Amino acid sequence: MAGVNPDGTLKGKVALVTGASRGIGEAIAVRLAMEGAKVVASARTAEEGESKLPGTLHATVERIRAAGGEATAVRADLSVEADRVRLVDETVAAYGPVDILVNDAAVTFFIPVETFPKRRFDLMFEVQVWAPLHLAQLVLPSMRERRQGWIVNISSGAAIHPQQPYNRRGGGTIYGMCKAALERFSTGLASEVYEDNVAVNVISPGLVDTPGVAVHGLITEATKDRVTPIEYIAEAVYRLSIGDPKTMTGCIDHAAPMLQELGIAPSELV
């Protein structure tokens, strides 16, 4: 039976998870809390009515607390520099220095390149590329000083180069650019902080049935057989968050194949 273990492998660790009001981010926050981490859940949607999509930070935190875990919500718009700084400051004030940073937040527009507006291009890169980089800058000094840290960036199969025969459904090119940039950033950062005992990894969830995926209509008759349970990505992030920074860093993995290779079944979420 799934539950929160206050003396789990993440006891005493502070985890900051962005995009945690729903979907993948919520599942990751829950899974880390189940192992005893003190979790700060962040997103733009704190309360009901602030988004057209279901899910809020309040609900995520209450879910964790109801199961016996420890969590705090910090509302932040990651497209705003001051919000990113405040997010880390409030995390440190609540629980202490960040041990685990999970960059899951994203804003995505599926528009063909020919008509893609610059303002939306700028917003996507700000949230999906620059924000993870900036948050890493904010937490790395403490990680380096303490010689421990784990950064996990959530990518997508969209980062993989398209192969023929090409899919006529357009609009995913900029999203793929963002994720490819995030992956290259991650492996580069992993090399830069390797001697500081800080791990930086990338995990792709596969196709997961989340509110964001639903609003973009990505699950169809043609793709429904590829849907991966959300527990897989949550488990994969947890495993990367306890990995040895000397041997498990600079990886770009997909959740289900990674767990299969390790011989691990995902835990049920509380």
# chains A, B, ... in the order shown; residues from 1 in each chain; ligands from 1
>>> residues_around(residues="Leu87 (chain A)", least_positions_apart="4", cutoff="8 Å", atoms="only C-alpha atoms", output="list of chain:residue names")
A:Ser42, A:Val74, A:Arg75, A:Ala76, A:Asp83, A:Thr91
>>> select_by_dssp(residues="region 60-133 of chain A", states="strand (DSSP E)", output="list in words")
Glu70, Ala71, Thr72, Ala73, Val74, Arg75, Ile100, Leu101, Val102 and Asn103 of chain A
>>> residues_around(residues="Thr108 (chain A)", least_positions_apart="5", cutoff="10 Å", atoms="only C-alpha atoms", output="PyMOL selection string")
chain A and resi 120-121+123-125+127-128+172+174-175+178+212+216
>>> select_by_dssp(residues="region 105-180 of chain A", states="helix (DSSP H, G or I)", output="JSON, numbers by chain")
{"A": [113, 114, 115, 118, 119, 120, 121, 122, 123, 124, 125, 126, 127, 128, 129, 130, 131, 132, 133, 134, 135, 136, 137, 138, 139, 140, 141, 142, 143, 144, 145, 146, 157, 158, 159, 173, 174, 175, 176, 177, 178, 179, 180]}
>>> residues_around(residues="region 180-193 of chain A", least_positions_apart="4", cutoff="9 Å", atoms="only C-alpha atoms", output="list in words")
Gln128, Val129, Trp130, Pro132, Leu133, Leu140, Arg144, Ile151, Val152, Asn153, Ile154, Ser155, Ser156, Ala158, Ala159, Ile160, Tyr175, Gly176, Asn197, Val198, Ala199, Val200, Asn201, Val202, Thr249, Gly250, Cys251 and Ile252 of chain A
>>> write_last_selection(atoms="N, CA, C and O atoms", output="mmCIF file, in the first residue's frame")
data_model
loop_
_atom_site.group_PDB
_atom_site.id
_atom_site.type_symbol
_atom_site.label_atom_id
_atom_site.label_comp_id
_atom_site.auth_asym_id
_atom_site.auth_seq_id
_atom_site.Cartn_x
_atom_site.Cartn_y
_atom_site.Cartn_z
ATOM 1 N N GLN A 128 10.736 27.535 -20.800
ATOM 2 C CA GLN A 128 11.225 26.163 -20.960
ATOM 3 C C GLN A 128 12.742 26.039 -21.043
ATOM 4 O O GLN A 128 13.278 24.940 -20.855
ATOM 5 N N VAL A 129 13.432 27.151 -21.325
ATOM 6 C CA VAL A 129 14.895 27.079 -21.457
ATOM 7 C C VAL A 129 15.587 28.021 -20.469
ATOM 8 O O VAL A 129 16.404 27.593 -19.655
ATOM 9 N N TRP A 130 15.262 29.316 -20.545
ATOM 10 C CA TRP A 130 15.957 30.263 -19.680
ATOM 11 C C TRP A 130 15.582 30.070 -18.213
ATOM 12 O O TRP A 130 16.446 30.149 -17.331
ATOM 13 N N PRO A 132 14.741 27.272 -16.478
ATOM 14 C CA PRO A 132 15.533 26.197 -15.864
ATOM 15 C C PRO A 132 16.993 26.581 -15.652
ATOM 16 O O PRO A 132 17.592 26.223 -14.631
ATOM 17 N N LEU A 133 17.559 27.316 -16.618
ATOM 18 C CA LEU A 133 18.942 27.752 -16.483
ATOM 19 C C LEU A 133 19.072 28.728 -15.307
ATOM 20 O O LEU A 133 19.973 28.600 -14.471
ATOM 21 N N LEU A 140 22.611 26.545 -7.489
ATOM 22 C CA LEU A 140 23.920 25.896 -7.589
ATOM 23 C C LEU A 140 24.942 26.360 -6.548
ATOM 24 O O LEU A 140 25.718 25.520 -6.058
ATOM 25 N N ARG A 144 26.919 23.533 -4.566
ATOM 26 C CA ARG A 144 28.381 23.405 -4.656
ATOM 27 C C ARG A 144 29.024 23.506 -3.276
ATOM 28 O O ARG A 144 29.953 22.753 -2.950
ATOM 29 N N ILE A 151 19.657 17.939 -10.126
ATOM 30 C CA ILE A 151 18.796 18.743 -10.993
ATOM 31 C C ILE A 151 18.234 17.814 -12.060
ATOM 32 O O ILE A 151 18.991 17.113 -12.752
ATOM 33 N N VAL A 152 16.909 17.788 -12.176
ATOM 34 C CA VAL A 152 16.256 16.945 -13.180
ATOM 35 C C VAL A 152 15.389 17.840 -14.055
ATOM 36 O O VAL A 152 14.497 18.541 -13.560
ATOM 37 N N ASN A 153 15.657 17.820 -15.337
ATOM 38 C CA ASN A 153 14.897 18.603 -16.305
ATOM 39 C C ASN A 153 13.981 17.687 -17.111
ATOM 40 O O ASN A 153 14.415 16.641 -17.596
ATOM 41 N N ILE A 154 12.719 18.088 -17.231
ATOM 42 C CA ILE A 154 11.740 17.262 -17.930
ATOM 43 C C ILE A 154 11.703 17.649 -19.405
ATOM 44 O O ILE A 154 11.399 18.791 -19.755
ATOM 45 N N SER A 155 12.015 16.693 -20.259
ATOM 46 C CA SER A 155 12.071 16.942 -21.697
ATOM 47 C C SER A 155 10.892 16.261 -22.390
ATOM 48 O O SER A 155 9.820 16.070 -21.805
ATOM 49 N N SER A 156 11.089 15.869 -23.618
ATOM 50 C CA SER A 156 10.023 15.259 -24.413
ATOM 51 C C SER A 156 10.638 14.578 -25.625
ATOM 52 O O SER A 156 11.721 14.952 -26.092
ATOM 53 N N ALA A 158 9.722 15.125 -28.362
ATOM 54 C CA ALA A 158 9.721 16.152 -29.406
ATOM 55 C C ALA A 158 11.123 16.668 -29.698
ATOM 56 O O ALA A 158 11.367 17.263 -30.749
ATOM 57 N N ALA A 159 12.068 16.446 -28.769
ATOM 58 C CA ALA A 159 13.448 16.886 -28.985
ATOM 59 C C ALA A 159 14.157 16.042 -30.032
ATOM 60 O O ALA A 159 15.167 16.470 -30.608
ATOM 61 N N ILE A 160 13.644 14.853 -30.305
ATOM 62 C CA ILE A 160 14.254 13.964 -31.294
ATOM 63 C C ILE A 160 13.942 14.478 -32.693
ATOM 64 O O ILE A 160 12.828 14.907 -32.982
ATOM 65 N N TYR A 175 8.353 23.760 -30.014
ATOM 66 C CA TYR A 175 8.382 22.947 -28.794
ATOM 67 C C TYR A 175 9.596 22.017 -28.811
ATOM 68 O O TYR A 175 10.323 21.886 -27.815
ATOM 69 N N GLY A 176 9.823 21.373 -29.947
ATOM 70 C CA GLY A 176 10.985 20.497 -30.088
ATOM 71 C C GLY A 176 12.290 21.248 -29.925
ATOM 72 O O GLY A 176 13.251 20.741 -29.321
ATOM 73 N N ASN A 197 30.028 17.349 -7.309
ATOM 74 C CA ASN A 197 29.125 16.294 -6.832
ATOM 75 C C ASN A 197 27.652 16.665 -7.018
ATOM 76 O O ASN A 197 26.798 16.328 -6.202
ATOM 77 N N VAL A 198 27.369 17.359 -8.107
ATOM 78 C CA VAL A 198 25.993 17.737 -8.455
ATOM 79 C C VAL A 198 25.610 16.995 -9.734
ATOM 80 O O VAL A 198 26.327 17.056 -10.734
ATOM 81 N N ALA A 199 24.493 16.288 -9.693
ATOM 82 C CA ALA A 199 24.013 15.543 -10.857
ATOM 83 C C ALA A 199 22.995 16.369 -11.621
ATOM 84 O O ALA A 199 22.128 17.021 -11.025
ATOM 85 N N VAL A 200 23.088 16.336 -12.942
ATOM 86 C CA VAL A 200 22.119 17.007 -13.809
ATOM 87 C C VAL A 200 21.671 16.008 -14.864
ATOM 88 O O VAL A 200 22.500 15.473 -15.611
ATOM 89 N N ASN A 201 20.370 15.744 -14.897
ATOM 90 C CA ASN A 201 19.851 14.742 -15.816
ATOM 91 C C ASN A 201 18.574 15.213 -16.486
ATOM 92 O O ASN A 201 17.921 16.154 -16.033
ATOM 93 N N VAL A 202 18.243 14.517 -17.564
ATOM 94 C CA VAL A 202 17.019 14.792 -18.323
ATOM 95 C C VAL A 202 16.199 13.521 -18.386
ATOM 96 O O VAL A 202 16.739 12.428 -18.603
ATOM 97 N N THR A 249 24.747 10.946 -14.078
ATOM 98 C CA THR A 249 24.654 12.355 -14.422
ATOM 99 C C THR A 249 24.907 12.510 -15.914
ATOM 100 O O THR A 249 25.547 11.670 -16.547
ATOM 101 N N GLY A 250 24.357 13.585 -16.477
ATOM 102 C CA GLY A 250 24.496 13.820 -17.914
ATOM 103 C C GLY A 250 23.682 12.863 -18.753
ATOM 104 O O GLY A 250 23.945 12.685 -19.937
ATOM 105 N N CYS A 251 22.667 12.244 -18.149
ATOM 106 C CA CYS A 251 21.840 11.260 -18.858
ATOM 107 C C CYS A 251 20.636 11.921 -19.513
ATOM 108 O O CYS A 251 20.062 12.872 -18.985
ATOM 109 N N ILE A 252 20.251 11.406 -20.666
ATOM 110 C CA ILE A 252 18.998 11.775 -21.321
ATOM 111 C C ILE A 252 18.226 10.477 -21.505
ATOM 112 O O ILE A 252 18.556 9.655 -22.349
#
